[in-house]
>>> print(open('query23.pdb').read())   # PDB, C-alpha atoms, pLDDT in the B column
ATOM      1  CA  MET B 214     -51.943  34.305  98.595  1.00 70.00           C
ATOM      2  CA  ASN B 215     -53.219  34.961  95.070  1.00 85.00           C
ATOM      3  CA  GLN B 216     -52.801  38.681  95.527  1.00 87.00           C
ATOM      4  CA  GLU B 217     -49.204  38.150  96.612  1.00 88.00           C
ATOM      5  CA  ILE B 218     -48.494  36.086  93.502  1.00 88.00           C
ATOM      6  CA  ILE B 219     -50.159  38.680  91.297  1.00 89.00           C
ATOM      7  CA  SER B 220     -48.100  41.430  92.941  1.00 90.00           C
ATOM      8  CA  LYS B 221     -44.856  39.489  92.403  1.00 91.00           C
ATOM      9  CA  LEU B 222     -45.802  38.821  88.792  1.00 92.00           C
ATOM     10  CA  GLU B 223     -46.471  42.524  88.232  1.00 93.00           C
ATOM     11  CA  GLN B 224     -43.115  43.395  89.756  1.00 94.00           C
ATOM     12  CA  LEU B 225     -41.480  40.794  87.568  1.00 95.00           C
ATOM     13  CA  GLU B 226     -43.232  42.195  84.514  1.00 95.00           C
ATOM     14  CA  GLU B 227     -42.005  45.702  85.353  1.00 95.00           C
ATOM     15  CA  LYS B 228     -38.453  44.439  85.710  1.00 96.00           C
ATOM     16  CA  ILE B 229     -38.719  42.605  82.392  1.00 96.00           C
ATOM     17  CA  GLN B 230     -39.939  45.771  80.684  1.00 96.00           C
ATOM     18  CA  LYS B 231     -37.092  47.770  82.208  1.00 96.00           C
ATOM     19  CA  LEU B 232     -34.616  45.141  81.027  1.00 96.00           C
ATOM     20  CA  GLN B 233     -36.082  45.208  77.529  1.00 97.00           C
ATOM     21  CA  ILE B 234     -35.715  48.991  77.431  1.00 96.00           C
ATOM     22  CA  GLU B 235     -32.144  48.764  78.702  1.00 97.00           C
ATOM     23  CA  ASN B 236     -31.411  46.032  76.162  1.00 97.00           C
ATOM     24  CA  PHE B 237     -32.737  48.241  73.358  1.00 97.00           C
ATOM     25  CA  GLU B 238     -30.697  51.216  74.574  1.00 97.00           C
ATOM     26  CA  TYR B 239     -27.534  49.111  74.783  1.00 97.00           C
ATOM     27  CA  ARG B 240     -28.122  47.750  71.294  1.00 97.00           C
ATOM     28  CA  GLN B 241     -28.456  51.325  70.034  1.00 97.00           C
ATOM     29  CA  LYS B 242     -25.208  52.282  71.767  1.00 97.00           C
ATOM     30  CA  ILE B 243     -23.446  49.261  70.291  1.00 97.00           C
ATOM     31  CA  SER B 244     -24.719  50.186  66.845  1.00 96.00           C
ATOM     32  CA  ASN B 245     -23.485  53.765  67.298  1.00 96.00           C
ATOM     33  CA  PHE B 246     -20.095  52.519  68.478  1.00 96.00           C
ATOM     34  CA  GLU B 247     -19.830  50.195  65.496  1.00 97.00           C
ATOM     35  CA  ILE B 248     -20.510  53.117  63.157  1.00 96.00           C
ATOM     36  CA  LEU B 249     -17.940  55.233  64.990  1.00 95.00           C
ATOM     37  CA  LEU B 250     -15.414  52.392  64.869  1.00 96.00           C
ATOM     38  CA  LYS B 251     -15.934  52.010  61.115  1.00 96.00           C
ATOM     39  CA  ARG B 252     -15.355  55.727  60.604  1.00 95.00           C
ATOM     40  CA  LYS B 253     -12.217  55.630  62.740  1.00 94.00           C
ATOM     41  CA  ASN B 254     -10.908  52.581  60.872  1.00 94.00           C
ATOM     42  CA  ASP B 255     -11.561  54.299  57.548  1.00 94.00           C
ATOM     43  CA  SER B 256      -9.772  57.397  58.807  1.00 93.00           C
ATOM     44  CA  LEU B 257      -6.871  55.303  60.074  1.00 93.00           C
ATOM     45  CA  GLU B 258      -6.622  53.517  56.725  1.00 94.00           C
ATOM     46  CA  HIS B 259      -6.591  56.867  54.921  1.00 93.00           C
ATOM     47  CA  CYS B 260      -3.865  58.153  57.260  1.00 93.00           C
ATOM     48  CA  GLU B 261      -1.811  55.019  56.674  1.00 93.00           C
ATOM     49  CA  GLU B 262      -2.099  55.468  52.901  1.00 94.00           C
ATOM     50  CA  GLU B 263      -1.107  59.113  53.256  1.00 94.00           C
ATOM     51  CA  LYS B 264       1.851  58.114  55.442  1.00 93.00           C
ATOM     52  CA  GLN B 265       3.064  55.637  52.788  1.00 94.00           C
ATOM     53  CA  LYS B 266       2.676  58.275  50.078  1.00 94.00           C
ATOM     54  CA  LEU B 267       4.678  60.791  52.109  1.00 93.00           C
ATOM     55  CA  LYS B 268       7.339  58.169  52.818  1.00 91.00           C
ATOM     56  CA  ARG B 269       7.748  57.543  49.088  1.00 89.00           C
ATOM     57  CA  GLN B 270       7.960  61.275  48.424  1.00 90.00           C
ATOM     58  CA  MET B 271      10.563  61.665  51.162  1.00 87.00           C
ATOM     59  CA  ASN B 272      12.679  58.892  49.656  1.00 81.00           C
ATOM     60  CA  GLN B 273      12.381  60.468  46.219  1.00 82.00           C
ATOM     61  CA  LEU B 274      13.493  63.809  47.649  1.00 83.00           C
ATOM     62  CA  LYS B 275      16.474  62.208  49.363  1.00 76.00           C
ATOM     63  CA  VAL B 276      17.567  60.575  46.108  1.00 74.00           C
ATOM     64  CA  GLY B 277      17.012  63.842  44.271  1.00 77.00           C
ATOM     65  CA  LYS B 278      19.148  65.690  46.790  1.00 74.00           C
ATOM     66  CA  ALA B 279      21.879  63.115  46.424  1.00 69.00           C
ATOM     67  CA  PHE B 280      21.885  63.569  42.652  1.00 70.00           C
ATOM     68  CA  ALA B 281      21.998  67.318  43.202  1.00 72.00           C
ATOM     69  CA  GLY B 282      25.224  66.948  45.150  1.00 66.00           C
ATOM     70  CA  ASN B 283      24.047  66.541  48.752  1.00 62.00           C
ATOM     71  CA  ALA B 284      26.836  64.438  50.281  1.00 63.00           C
ATOM     72  CA  GLU B 285      24.820  63.131  53.228  1.00 65.00           C
ATOM     73  CA  ASN B 286      22.394  61.289  50.922  1.00 63.00           C
ATOM     74  CA  ASN B 287      24.976  59.869  48.493  1.00 70.00           C
ATOM     75  CA  GLU B 288      24.937  56.406  50.053  1.00 75.00           C
ATOM     76  CA  GLU B 289      21.150  56.243  49.848  1.00 72.00           C
ATOM     77  CA  ALA B 290      21.286  57.307  46.207  1.00 72.00           C
ATOM     78  CA  LYS B 291      23.832  54.599  45.433  1.00 77.00           C
ATOM     79  CA  LEU B 292      21.661  51.975  47.125  1.00 80.00           C
ATOM     80  CA  LYS B 293      18.606  53.176  45.226  1.00 77.00           C
ATOM     81  CA  ILE B 294      20.476  53.080  41.922  1.00 81.00           C
ATOM     82  CA  ASP B 295      21.742  49.559  42.698  1.00 85.00           C
ATOM     83  CA  SER B 296      18.197  48.495  43.496  1.00 85.00           C
ATOM     84  CA  LEU B 297      16.876  49.979  40.251  1.00 85.00           C
ATOM     85  CA  ILE B 298      19.647  48.301  38.244  1.00 88.00           C
ATOM     86  CA  LYS B 299      18.788  44.923  39.799  1.00 88.00           C
ATOM     87  CA  GLU B 300      15.132  45.496  38.963  1.00 87.00           C
ATOM     88  CA  ILE B 301      15.999  46.397  35.367  1.00 89.00           C
ATOM     89  CA  ASN B 302      18.189  43.308  35.058  1.00 88.00           C
ATOM     90  CA  LEU B 303      15.334  41.127  36.304  1.00 88.00           C
ATOM     91  CA  CYS B 304      13.020  42.708  33.730  1.00 87.00           C
ATOM     92  CA  ILE B 305      15.536  42.144  30.944  1.00 87.00           C
ATOM     93  CA  THR B 306      15.962  38.514  31.995  1.00 85.00           C
ATOM     94  CA  ALA B 307      12.196  38.047  32.068  1.00 84.00           C
ATOM     95  CA  LEU B 308      11.873  39.580  28.588  1.00 83.00           C
ATOM     96  CA  LYS B 309      14.543  37.267  27.166  1.00 80.00           C
ATOM     97  CA  GLU B 310      12.663  34.177  28.323  1.00 72.00           C
TER      98      GLU B 310
END
>>> encode(input="query23.pdb", output="C-alpha cells")
Amino acid sequence: MNQEIISKLEQLEEKIQKLQIENFEYRQKISNFEILLKRKNDSLEHCEEEKQKLKRQMNQLKVGKAFAGNAENNEEAKLKIDSLIKEINLCITALKE
C-alpha cells in the first residue's frame, strides 16, 4: 500500500514538473506576443500618422490645383477659402476681446 502511494506521488510530482515547464513556456510565449503586439501597435500608429500627413498633402494639392485653374477642384478650393476666412474672423474676434 505504501509503495502504491509513493508511486502515485511520484507520478503526481512528474506531472507537476511538466505543468511548471509548460507554464514557463507559455509565459515566455505570452511575453513574446506582447512584445510583437507592441511593435505592431507602434507600426500601426506610425502608419496612421503617415496616412494623416498624406491626407493633408493631398488636400493641399487639390487646393493648389484649383488655384492653378483646375475646374474639377474649384468647389473644394472655395470651401477651403471659406473655412480659412471663418478661422481668420474667429482669430480677429478673439484678438479684439
>>> atom_distance(input="query23.pdb", atom1="CA of Leu292 (chain B)", atom2="CA of Val276 (chain B)")
9.6 Å
>>> closest_residue(input="query23.pdb", among="B:Leu257, B:Gln241, B:Lys293, B:Glu247", to="Phe280 (chain B)", atoms="only C-alpha atoms")
B:Lys293
>>> atom_distance(input="query23.pdb", atom1="CA of Glu261 (chain B)", atom2="CA of Lys275 (chain B)")
21.0 Å
>>> axis_aligned_box(input="query23.pdb", around="region 230-245 of chain B", padding_each_side="8 Å", output="lines of an AutoDock Vina configuration file")
center_x = -31.7
center_y = 49.5
center_z = 74.5
size_x = 32.5
size_y = 24.6
size_z = 31.4
